[in-house]
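Heads up, structure-v4.cif below (mmCIF, C-alpha atoms and all ligand atoms):
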data_final
loop_
_atom_site.group_PDB
_atom_site.id
_atom_site.type_symbol
_atom_site.label_atom_id
_atom_site.label_comp_id
_atom_site.auth_asym_id
_atom_site.auth_seq_id
_atom_site.Cartn_x
_atom_site.Cartn_y
_atom_site.Cartn_z
ATOM 1 C CA MET A 1 164.049 133.591 61.331
ATOM 2 C CA THR A 2 164.261 133.250 57.567
ATOM 3 C CA ARG A 3 161.869 135.336 55.521
ATOM 4 C CA LYS A 4 158.621 133.821 54.355
ATOM 5 C CA VAL A 5 158.208 132.584 50.794
ATOM 6 C CA ALA A 6 155.109 132.810 48.587
ATOM 7 C CA VAL A 7 154.557 130.967 45.317
ATOM 8 C CA VAL A 8 152.246 132.876 42.954
ATOM 9 C CA THR A 9 151.011 131.482 39.630
ATOM 10 C CA GLY A 10 150.044 133.722 36.745
ATOM 11 C CA ALA A 11 152.505 136.196 38.255
ATOM 12 C CA ALA A 12 153.662 137.863 35.042
ATOM 13 C CA ARG A 13 150.814 140.366 34.948
ATOM 14 C CA GLY A 14 147.395 141.334 36.262
ATOM 15 C CA ILE A 15 146.222 140.168 39.670
ATOM 16 C CA GLY A 16 149.183 137.782 40.040
ATOM 17 C CA LEU A 17 151.740 140.550 39.539
ATOM 18 C CA ALA A 18 149.910 142.855 41.976
ATOM 19 C CA THR A 19 149.861 140.009 44.519
ATOM 20 C CA THR A 20 153.583 139.415 44.018
ATOM 21 C CA LYS A 21 154.319 143.098 44.715
ATOM 22 C CA LEU A 22 152.169 143.101 47.854
ATOM 23 C CA PHE A 23 153.913 139.988 49.221
ATOM 24 C CA LEU A 24 157.264 141.692 48.575
ATOM 25 C CA ALA A 25 156.074 144.792 50.429
ATOM 26 C CA ASP A 26 155.180 142.520 53.359
ATOM 27 C CA GLY A 27 158.706 141.089 53.424
ATOM 28 C CA TYR A 28 158.160 137.793 51.613
ATOM 29 C CA ALA A 29 160.337 136.422 48.834
ATOM 30 C CA VAL A 30 158.254 135.270 45.881
ATOM 31 C CA ALA A 31 158.517 132.440 43.368
ATOM 32 C CA MET A 32 156.788 133.899 40.305
ATOM 33 C CA ILE A 33 155.256 131.184 38.112
ATOM 34 C CA ASP A 34 153.937 131.810 34.589
ATOM 35 C CA ARG A 35 153.917 130.092 31.202
ATOM 36 C CA ASP A 36 154.580 133.348 29.309
ATOM 37 C CA ALA A 37 158.376 133.394 29.521
ATOM 38 C CA ASP A 38 158.898 136.864 28.016
ATOM 39 C CA ALA A 39 156.294 138.576 30.193
ATOM 40 C CA LEU A 40 157.521 136.716 33.267
ATOM 41 C CA HIS A 41 161.142 137.712 32.803
ATOM 42 C CA ASP A 42 160.164 141.317 31.997
ATOM 43 C CA ALA A 43 158.120 141.532 35.201
ATOM 44 C CA ALA A 44 160.630 139.715 37.410
ATOM 45 C CA GLY A 45 163.486 141.812 36.053
ATOM 46 C CA GLN A 46 161.946 144.901 37.639
ATOM 47 C CA LEU A 47 161.651 143.307 41.090
ATOM 48 C CA GLN A 48 163.971 142.124 43.876
ATOM 49 C CA ASP A 49 163.667 138.980 46.010
ATOM 50 C CA VAL A 50 161.828 137.076 43.297
ATOM 51 C CA HIS A 51 162.632 133.846 41.501
ATOM 52 C CA PRO A 52 160.822 133.431 38.152
ATOM 53 C CA VAL A 53 159.953 129.920 36.993
ATOM 54 C CA VAL A 54 158.492 129.348 33.533
ATOM 55 C CA CYS A 55 155.831 126.678 33.942
ATOM 56 C CA ASP A 56 152.471 125.796 32.451
ATOM 57 C CA VAL A 57 150.470 124.815 35.518
ATOM 58 C CA SER A 58 148.331 122.409 33.502
ATOM 59 C CA HIS A 59 151.290 120.144 32.632
ATOM 60 C CA PRO A 60 152.185 117.664 35.398
ATOM 61 C CA ASP A 61 155.803 117.297 34.263
ATOM 62 C CA GLN A 62 156.349 121.061 34.217
ATOM 63 C CA VAL A 63 154.745 121.392 37.657
ATOM 64 C CA ASP A 64 157.056 118.712 39.059
ATOM 65 C CA ALA A 65 160.066 120.527 37.605
ATOM 66 C CA MET A 66 158.764 123.822 39.056
ATOM 67 C CA ALA A 67 158.474 122.282 42.530
ATOM 68 C CA ALA A 68 162.055 121.026 42.343
ATOM 69 C CA GLU A 69 163.287 124.448 41.208
ATOM 70 C CA VAL A 70 161.403 126.260 43.987
ATOM 71 C CA ALA A 71 162.812 123.822 46.559
ATOM 72 C CA GLY A 72 166.299 124.530 45.225
ATOM 73 C CA ALA A 73 165.857 128.293 45.312
ATOM 74 C CA PHE A 74 164.156 128.594 48.714
ATOM 75 C CA ASP A 75 164.282 126.657 51.966
ATOM 76 C CA ARG A 76 160.572 127.022 52.714
ATOM 77 C CA VAL A 77 157.147 127.717 51.211
ATOM 78 C CA ASP A 78 154.605 129.564 53.370
ATOM 79 C CA ALA A 79 151.924 130.512 50.855
ATOM 80 C CA LEU A 80 150.655 129.205 47.520
ATOM 81 C CA VAL A 81 148.406 131.447 45.414
ATOM 82 C CA ASN A 82 146.796 129.565 42.539
ATOM 83 C CA ASN A 83 145.943 132.569 40.404
ATOM 84 C CA ALA A 84 146.801 131.521 36.817
ATOM 85 C CA GLY A 85 143.611 131.458 34.804
ATOM 86 C CA VAL A 86 142.147 131.762 31.323
ATOM 87 C CA ALA A 87 138.721 132.923 30.189
ATOM 88 C CA ASP A 88 136.684 131.931 27.167
ATOM 89 C CA PHE A 89 133.139 133.278 26.924
ATOM 90 C CA GLY A 90 130.617 131.999 24.375
ATOM 91 C CA PRO A 91 127.216 130.385 23.933
ATOM 92 C CA ILE A 92 126.929 126.885 25.374
ATOM 93 C CA GLN A 93 126.220 125.275 22.000
ATOM 94 C CA GLU A 94 129.304 126.889 20.471
ATOM 95 C CA HIS A 95 131.583 125.631 23.220
ATOM 96 C CA ASP A 96 133.218 122.575 21.706
ATOM 97 C CA PHE A 97 135.200 120.099 23.764
ATOM 98 C CA THR A 98 138.537 121.727 22.871
ATOM 99 C CA ARG A 99 137.429 125.077 24.278
ATOM 100 C CA TRP A 100 135.972 123.408 27.383
ATOM 101 C CA ARG A 101 139.167 121.436 28.074
ATOM 102 C CA ARG A 102 141.417 124.440 27.495
ATOM 103 C CA VAL A 103 139.647 126.318 30.279
ATOM 104 C CA MET A 104 139.485 123.318 32.633
ATOM 105 C CA GLU A 105 143.159 122.456 32.142
ATOM 106 C CA THR A 106 144.434 125.778 33.478
ATOM 107 C CA ASN A 107 141.646 126.859 35.820
ATOM 108 C CA LEU A 108 140.958 123.524 37.536
ATOM 109 C CA ASP A 109 143.689 120.987 36.718
ATOM 110 C CA GLY A 110 146.336 123.647 37.358
ATOM 111 C CA VAL A 111 145.058 124.358 40.876
ATOM 112 C CA PHE A 112 144.990 120.627 41.652
ATOM 113 C CA LEU A 113 148.476 119.959 40.268
ATOM 114 C CA MET A 114 150.178 122.968 41.881
ATOM 115 C CA SER A 115 148.632 122.187 45.255
ATOM 116 C CA GLN A 116 149.598 118.506 45.123
ATOM 117 C CA ALA A 117 153.173 119.487 44.280
ATOM 118 C CA LEU A 118 153.605 122.066 47.049
ATOM 119 C CA VAL A 119 151.590 120.639 49.957
ATOM 120 C CA PRO A 120 154.651 118.709 51.217
ATOM 121 C CA HIS A 121 156.434 122.074 51.637
ATOM 122 C CA LEU A 122 153.367 123.812 53.084
ATOM 123 C CA ARG A 123 153.117 121.065 55.723
ATOM 124 C CA GLU A 124 156.502 122.065 57.082
ATOM 125 C CA THR A 125 155.452 125.701 57.615
ATOM 126 C CA ARG A 126 151.734 125.085 58.382
ATOM 127 C CA GLY A 127 151.208 127.341 55.393
ATOM 128 C CA ALA A 128 148.263 128.671 53.418
ATOM 129 C CA ILE A 129 146.705 128.118 50.006
ATOM 130 C CA VAL A 130 144.588 130.770 48.288
ATOM 131 C CA ASN A 131 142.832 129.759 45.084
ATOM 132 C CA ILE A 132 141.442 132.412 42.767
ATOM 133 C CA ALA A 133 137.913 131.662 41.609
ATOM 134 C CA SER A 134 135.471 134.290 40.320
ATOM 135 C CA ILE A 135 132.010 135.639 40.907
ATOM 136 C CA SER A 136 131.253 133.551 37.805
ATOM 137 C CA GLY A 137 131.784 130.500 40.001
ATOM 138 C CA LEU A 138 129.188 131.735 42.482
ATOM 139 C CA ARG A 139 126.488 133.036 40.119
ATOM 140 C CA ALA A 140 125.598 131.538 36.758
ATOM 141 C CA SER A 141 125.093 133.828 33.815
ATOM 142 C CA THR A 142 125.131 133.418 30.071
ATOM 143 C CA LEU A 143 128.303 132.772 28.022
ATOM 144 C CA ARG A 144 130.312 131.275 30.897
ATOM 145 C CA VAL A 145 129.665 127.535 30.671
ATOM 146 C CA ALA A 146 133.327 126.513 30.885
ATOM 147 C CA TYR A 147 134.695 129.488 32.804
ATOM 148 C CA GLY A 148 131.941 129.578 35.437
ATOM 149 C CA THR A 149 131.953 125.805 35.878
ATOM 150 C CA SER A 150 135.734 125.722 36.279
ATOM 151 C CA LYS A 151 135.554 128.420 38.959
ATOM 152 C CA ALA A 152 132.673 126.701 40.808
ATOM 153 C CA ALA A 153 134.830 123.580 40.869
ATOM 154 C CA VAL A 154 137.741 125.586 42.299
ATOM 155 C CA ILE A 155 135.468 126.784 45.122
ATOM 156 C CA HIS A 156 134.642 123.185 45.997
ATOM 157 C CA LEU A 157 138.239 122.019 45.586
ATOM 158 C CA THR A 158 139.179 124.689 48.129
ATOM 159 C CA LYS A 159 136.680 123.302 50.657
ATOM 160 C CA GLN A 160 138.051 119.826 50.009
ATOM 161 C CA GLN A 161 141.590 121.058 50.623
ATOM 162 C CA ALA A 162 140.523 122.794 53.839
ATOM 163 C CA ALA A 163 138.813 119.640 55.065
ATOM 164 C CA GLU A 164 141.745 117.354 54.346
ATOM 165 C CA LEU A 165 144.795 119.545 54.949
ATOM 166 C CA GLY A 166 143.644 121.194 58.172
ATOM 167 C CA GLU A 167 145.115 118.391 60.278
ATOM 168 C CA TRP A 168 148.555 119.567 59.130
ATOM 169 C CA GLY A 169 147.755 123.182 59.947
ATOM 170 C CA ILE A 170 147.368 124.133 56.279
ATOM 171 C CA ARG A 171 144.556 126.602 55.575
ATOM 172 C CA ALA A 172 142.886 126.798 52.150
ATOM 173 C CA ASN A 173 140.681 129.678 51.083
ATOM 174 C CA CYS A 174 139.296 131.093 47.888
ATOM 175 C CA VAL A 175 138.985 134.631 46.565
ATOM 176 C CA ALA A 176 136.192 135.310 44.092
ATOM 177 C CA PRO A 177 136.950 138.578 42.316
ATOM 178 C CA GLY A 178 134.386 140.640 40.509
ATOM 179 C CA PRO A 179 135.459 142.234 37.221
ATOM 180 C CA VAL A 180 138.954 143.740 37.149
ATOM 181 C CA ASP A 181 140.454 145.559 34.170
ATOM 182 C CA THR A 182 143.180 143.109 33.216
ATOM 183 C CA LYS A 183 144.155 141.596 29.879
ATOM 184 C CA LEU A 184 141.904 138.621 30.674
ATOM 185 C CA ALA A 185 138.825 140.795 31.217
ATOM 186 C CA LEU A 186 139.570 143.047 28.253
ATOM 187 C CA ALA A 187 139.543 139.959 26.012
ATOM 188 C CA VAL A 188 136.105 138.669 27.041
ATOM 189 C CA HIS A 189 134.111 141.650 28.361
ATOM 190 C CA SER A 190 132.148 143.159 25.471
ATOM 191 C CA PRO A 191 130.838 146.731 25.801
ATOM 192 C CA GLU A 192 127.464 145.215 26.733
ATOM 193 C CA ILE A 193 129.006 143.118 29.534
ATOM 194 C CA ARG A 194 130.948 146.119 30.823
ATOM 195 C CA ALA A 195 127.812 148.261 30.962
ATOM 196 C CA ALA A 196 125.841 145.478 32.641
ATOM 197 C CA TYR A 197 128.502 144.990 35.320
ATOM 198 C CA HIS A 198 128.591 148.715 35.936
ATOM 199 C CA ASP A 199 124.849 148.755 36.600
ATOM 200 C CA ALA A 200 124.719 145.496 38.576
ATOM 201 C CA ILE A 201 127.613 146.245 40.952
ATOM 202 C CA PRO A 202 126.534 148.353 43.947
ATOM 203 C CA LEU A 203 129.863 150.225 43.873
ATOM 204 C CA ASN A 204 129.287 150.838 40.116
ATOM 205 C CA ARG A 205 132.842 150.128 39.037
ATOM 206 C CA TYR A 206 135.373 147.437 38.243
ATOM 207 C CA GLY A 207 137.804 146.479 40.987
ATOM 208 C CA SER A 208 141.538 147.045 40.819
ATOM 209 C CA GLU A 209 144.262 144.402 40.824
ATOM 210 C CA GLN A 210 145.496 145.868 44.109
ATOM 211 C CA GLU A 211 142.082 145.476 45.762
ATOM 212 C CA ILE A 212 142.058 141.757 44.946
ATOM 213 C CA ALA A 213 145.691 141.301 46.019
ATOM 214 C CA GLU A 214 144.940 142.811 49.438
ATOM 215 C CA VAL A 215 142.386 140.086 50.166
ATOM 216 C CA ILE A 216 144.704 137.340 48.898
ATOM 217 C CA VAL A 217 147.641 138.447 51.056
ATOM 218 C CA PHE A 218 145.383 138.900 54.086
ATOM 219 C CA LEU A 219 144.098 135.313 53.747
ATOM 220 C CA CYS A 220 147.687 134.034 53.569
ATOM 221 C CA SER A 221 148.688 135.968 56.658
ATOM 222 C CA GLY A 222 148.529 135.129 60.344
ATOM 223 C CA ARG A 223 145.704 137.648 60.660
ATOM 224 C CA ALA A 224 143.470 135.010 59.045
ATOM 225 C CA SER A 225 144.783 132.151 61.193
ATOM 226 C CA TYR A 226 141.307 130.773 62.016
ATOM 227 C CA VAL A 227 139.864 131.193 58.505
ATOM 228 C CA THR A 228 139.813 128.161 56.220
ATOM 229 C CA GLY A 229 137.488 126.656 53.627
ATOM 230 C CA GLN A 230 135.984 130.068 52.847
ATOM 231 C CA THR A 231 135.290 131.947 49.639
ATOM 232 C CA VAL A 232 135.663 135.692 49.974
ATOM 233 C CA ALA A 233 134.044 137.705 47.209
ATOM 234 C CA SER A 234 135.872 140.925 46.400
ATOM 235 C CA ASP A 235 133.281 142.146 43.947
ATOM 236 C CA GLY A 236 131.936 145.580 44.863
ATOM 237 C CA GLY A 237 128.821 143.912 46.272
ATOM 238 C CA PHE A 238 127.757 142.214 43.020
ATOM 239 C CA GLY A 239 127.080 138.841 44.642
ATOM 240 C CA SER A 240 125.020 140.303 47.447
ATOM 241 C CA THR A 241 122.307 141.652 45.163
ATOM 242 C CA GLY A 242 119.791 140.014 42.903
ATOM 243 C CA ILE A 243 120.569 142.386 40.084
ATOM 244 C CA GLY A 244 121.397 140.272 37.042
ATOM 245 C CA LEU A 245 123.436 140.460 33.908
ATOM 246 C CA PRO A 246 121.506 140.439 30.626
HETATM 247 P P1 LIG A 301 145.654 137.982 33.168
HETATM 248 O O1 LIG A 301 145.278 137.360 31.870
HETATM 249 O O2 LIG A 301 145.951 139.420 33.223
HETATM 250 O O3 LIG A 301 146.863 137.175 33.835
HETATM 251 C C1 LIG A 301 146.845 135.774 33.892
HETATM 252 C C2 LIG A 301 148.260 135.262 33.916
HETATM 253 O O4 LIG A 301 148.193 133.823 34.029
HETATM 254 C C3 LIG A 301 149.036 135.570 32.622
HETATM 255 O O5 LIG A 301 150.319 136.074 32.930
HETATM 256 C C4 LIG A 301 149.111 134.215 31.923
HETATM 257 O O6 LIG A 301 150.289 134.048 31.124
HETATM 258 C C5 LIG A 301 149.096 133.247 33.112
HETATM 259 N N1 LIG A 301 148.640 131.919 32.752
HETATM 260 C C6 LIG A 301 147.508 131.578 32.085
HETATM 261 N N2 LIG A 301 147.432 130.263 31.927
HETATM 262 C C7 LIG A 301 148.534 129.744 32.519
HETATM 263 C C8 LIG A 301 149.011 128.427 32.687
HETATM 264 N N3 LIG A 301 148.346 127.361 32.204
HETATM 265 N N4 LIG A 301 150.169 128.241 33.341
HETATM 266 C C9 LIG A 301 150.864 129.296 33.837
HETATM 267 N N5 LIG A 301 150.476 130.565 33.688
HETATM 268 C C10 LIG A 301 149.306 130.783 33.038
HETATM 269 O O7 LIG A 301 144.410 137.596 34.140
HETATM 270 P P2 LIG A 301 143.893 138.205 35.521
HETATM 271 O O8 LIG A 301 142.672 138.985 35.228
HETATM 272 O O9 LIG A 301 144.984 138.804 36.308
HETATM 273 O O10 LIG A 301 143.360 136.854 36.202
HETATM 274 C C11 LIG A 301 143.986 136.241 37.314
HETATM 275 C C12 LIG A 301 142.965 135.298 37.929
HETATM 276 O O11 LIG A 301 141.836 136.043 38.390
HETATM 277 C C13 LIG A 301 142.415 134.243 36.969
HETATM 278 O O12 LIG A 301 142.290 132.998 37.636
HETATM 279 C C14 LIG A 301 141.065 134.794 36.603
HETATM 280 O O13 LIG A 301 140.156 133.781 36.194
HETATM 281 C C15 LIG A 301 140.659 135.445 37.902
HETATM 282 N N6 LIG A 301 139.618 136.454 37.763
HETATM 283 C C16 LIG A 301 139.832 137.571 36.995
HETATM 284 C C17 LIG A 301 138.803 138.494 36.867
HETATM 285 C C18 LIG A 301 138.957 139.725 36.016
HETATM 286 O O14 LIG A 301 137.934 140.393 35.743
HETATM 287 N N7 LIG A 301 140.148 140.075 35.569
HETATM 288 C C19 LIG A 301 137.574 138.289 37.506
HETATM 289 C C20 LIG A 301 137.412 137.167 38.281
HETATM 290 C C21 LIG A 301 138.433 136.246 38.402
#
I need this file expressed as structure tokens, please.
Ligand code: NAD
Amino acid sequence: MTRKVAVVTGAARGIGLATTKLFLADGYAVAMIDRDADALHDAAGQLQDVHPVVCDVSHPDQVDAMAAEVAGAFDRVDALVNNAGVADFGPIQEHDFTRWRRVMETNLDGVFLMSQALVPHLRETRGAIVNIASISGLRASTLRVAYGTSKAAVIHLTKQQAAELGEWGIRANCVAPGPVDTKLALAVHSPEIRAAYHDAIPLNRYGSEQEIAEVIVFLCSGRASYVTGQTVASDGGFGSTGIGLP
């Protein structure tokens, strides 16, 4: 049997890179997708059994070219992890349309486009999709009008995918991480937000990239063969309490 293949977006760093490494440890080959060419080639250059593809997931033409390149490099696709994401926090009245669209293009359009492009390959393997949302898509709080809305939409898109793709044996699930110390979080989490998360999370800490990757790879695996349409929060218990953010 040929080895399984995972396609991971936003794979150059953060949660996407940790997920790539965990797939490799499980024996998969990985197509690493990212728009940051330098970071992608730096990361891929340290790994074996990977194929880096520079692609902005919000551009349909680049996604089509990515799909063709992945099909040329590998004879199968078993898992798609739509992890690429951007964050932009700010008051609702200061969020102009450009900021709103910038978040939607990557966080929502990118998940739609990547999935449309790779479902034909996932049909052949009865594969799995995991979309990365956020606790901000499950609970509303201030400053997250675009980010939280984009992630709530990803949660629904996942249910839609599960409903429509199940007849081909494709499962679609969502992971909603709590705060993780990545470049994305460092850019938008002020000291006040960090302190508030610390107090509001029952485990009183940020998660690690590895802790999120474990849930992603589990949901792609045969161990989750009867799980589809679900959103799994890996958030230290944040979503299970009523404790709020200021
Ligand atoms: P990160 O900024 O460390 O990494 C994101 C990667 O995605 C980068 O390599 C970036 O170049 C790439 N990327 C961004 N836009 C892209 C695009 N349009 N096309 C291709 N690549 C693109 O971020 P992270 O914290 O690892 O986040 C990964 C995912 O987890 C995101 O969807 C994010 O919203 C989600 N998430 C993160 C946290 C957190 O606290 N870090 C919490 C909840 C959810």
TODO: Collect all residues with atoms no farther than 7 Å from ligand LIG 301 (chain A), counting all atoms listed in the file, and output them as an MDAnalysis selection string.
DONE: chainID A and resid 9:16 33:36 55:58 83:87 106:107 110 132:135 176:185
Counting all atoms listed in the file, write as a PDB file with C-alpha atoms, in the frame of the given file all protein and nucleic acid residues lying at most 10 Å from (132.0, 134.3, 44.1) in the file's frame.
ATOM      1  CA  ILE A 132     141.442 132.412  42.767  1.00  0.00           C
ATOM      2  CA  ALA A 133     137.913 131.662  41.609  1.00  0.00           C
ATOM      3  CA  SER A 134     135.471 134.290  40.320  1.00  0.00           C
ATOM      4  CA  ILE A 135     132.010 135.639  40.907  1.00  0.00           C
ATOM      5  CA  SER A 136     131.253 133.551  37.805  1.00  0.00           C
ATOM      6  CA  GLY A 137     131.784 130.500  40.001  1.00  0.00           C
ATOM      7  CA  LEU A 138     129.188 131.735  42.482  1.00  0.00           C
ATOM      8  CA  ARG A 139     126.488 133.036  40.119  1.00  0.00           C
ATOM      9  CA  GLY A 148     131.941 129.578  35.437  1.00  0.00           C
ATOM     10  CA  LYS A 151     135.554 128.420  38.959  1.00  0.00           C
ATOM     11  CA  ALA A 152     132.673 126.701  40.808  1.00  0.00           C
ATOM     12  CA  ILE A 155     135.468 126.784  45.122  1.00  0.00           C
ATOM     13  CA  CYS A 174     139.296 131.093  47.888  1.00  0.00           C
ATOM     14  CA  VAL A 175     138.985 134.631  46.565  1.00  0.00           C
ATOM     15  CA  ALA A 176     136.192 135.310  44.092  1.00  0.00           C
ATOM     16  CA  PRO A 177     136.950 138.578  42.316  1.00  0.00           C
ATOM     17  CA  GLY A 178     134.386 140.640  40.509  1.00  0.00           C
ATOM     18  CA  THR A 231     135.290 131.947  49.639  1.00  0.00           C
ATOM     19  CA  VAL A 232     135.663 135.692  49.974  1.00  0.00           C
ATOM     20  CA  ALA A 233     134.044 137.705  47.209  1.00  0.00           C
ATOM     21  CA  SER A 234     135.872 140.925  46.400  1.00  0.00           C
ATOM     22  CA  ASP A 235     133.281 142.146  43.947  1.00  0.00           C
ATOM     23  CA  PHE A 238     127.757 142.214  43.020  1.00  0.00           C
ATOM     24  CA  GLY A 239     127.080 138.841  44.642  1.00  0.00           C
ATOM     25  CA  SER A 240     125.020 140.303  47.447  1.00  0.00           C
TER      26      SER A 240
END
TODO: Specify as a ChimeraX atom specification each residue included when the PyMOL selection byres (((chain A and resi 164-169) around 12) and not hetatm) is applied to this file.
DONE: /A:78,115-116,119-129,157-163,170-173,222,225-229
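CA of Asp38 (chain A) is positioned 18.7 Å from CA of Val63 (chain A).
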- [ ] Could you list the residues chosen by the PyMOL selection byres (((chain A and resi 48) around 12) and not hetatm) in this structure as a PyMOL selection string?
- [x] chain A and resi 20-21+23-25+27-32+43-47+49-52
Open item on the list: Expand the PyMOL selection byres (((chain A and resi 192-200) around 9) and not hetatm) into the explicit residue set it covers here, and present it as an MDAnalysis selection string.
Closed with: chainID A and resid 178:179 188:191 201:206 237:238 241:246
Open item on the list: Can you measure CA of Ala213 (chain A) to CA of Ala117 (chain A) for me? One decimal in Å is fine.
Closed with: 23.1 Å
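Shortest atom-to-atom contact with Arg99 (chain A) among A:Val217, A:Ala37, A:Ala6, A:Tyr147: A:Tyr147, counting all atoms listed in the file.
Comparing A:Phe89, A:Val70, A:Ser208, A:Val8 by their smallest distance to Asn131 (chain A), the closest is A:Val8 (using all atoms listed in the file).
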Produce the centre coordinates and the three edge lengths, each in Å to one decimal, of the box along x, y and z that contains all listed atoms of region 21-33 of chain A with 3 Å added on each side, as JSON.
{"center_x": 156.3, "center_y": 138.0, "center_z": 45.8, "size_x": 14.2, "size_y": 19.6, "size_z": 21.3}
TODO: Choose the residue, out of A:Ala67, A:Ala140, A:Ile212, A:Leu17, that has the smallest atom-to-atom separation from Leu113 (chain A); count all atoms listed in the file.
DONE: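 Among the listed residues, the smallest separation from Leu113 (chain A) belongs to A:Ala67.
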Open item on the list: I want to know what sits within 12 Å of His95 (chain A), based on only C-alpha atoms, with residues of the same chain fewer than 6 positions away left out; could you give that as an MDAnalysis selection string?
Closed with: chainID A and resid 88:89 101:103 143:147
TODO: Go ahead and compute the interatomic distance for CA of Ala39 (chain A) and CA of Ser221 (chain A), in Å to one decimal.
DONE: 27.7 Å
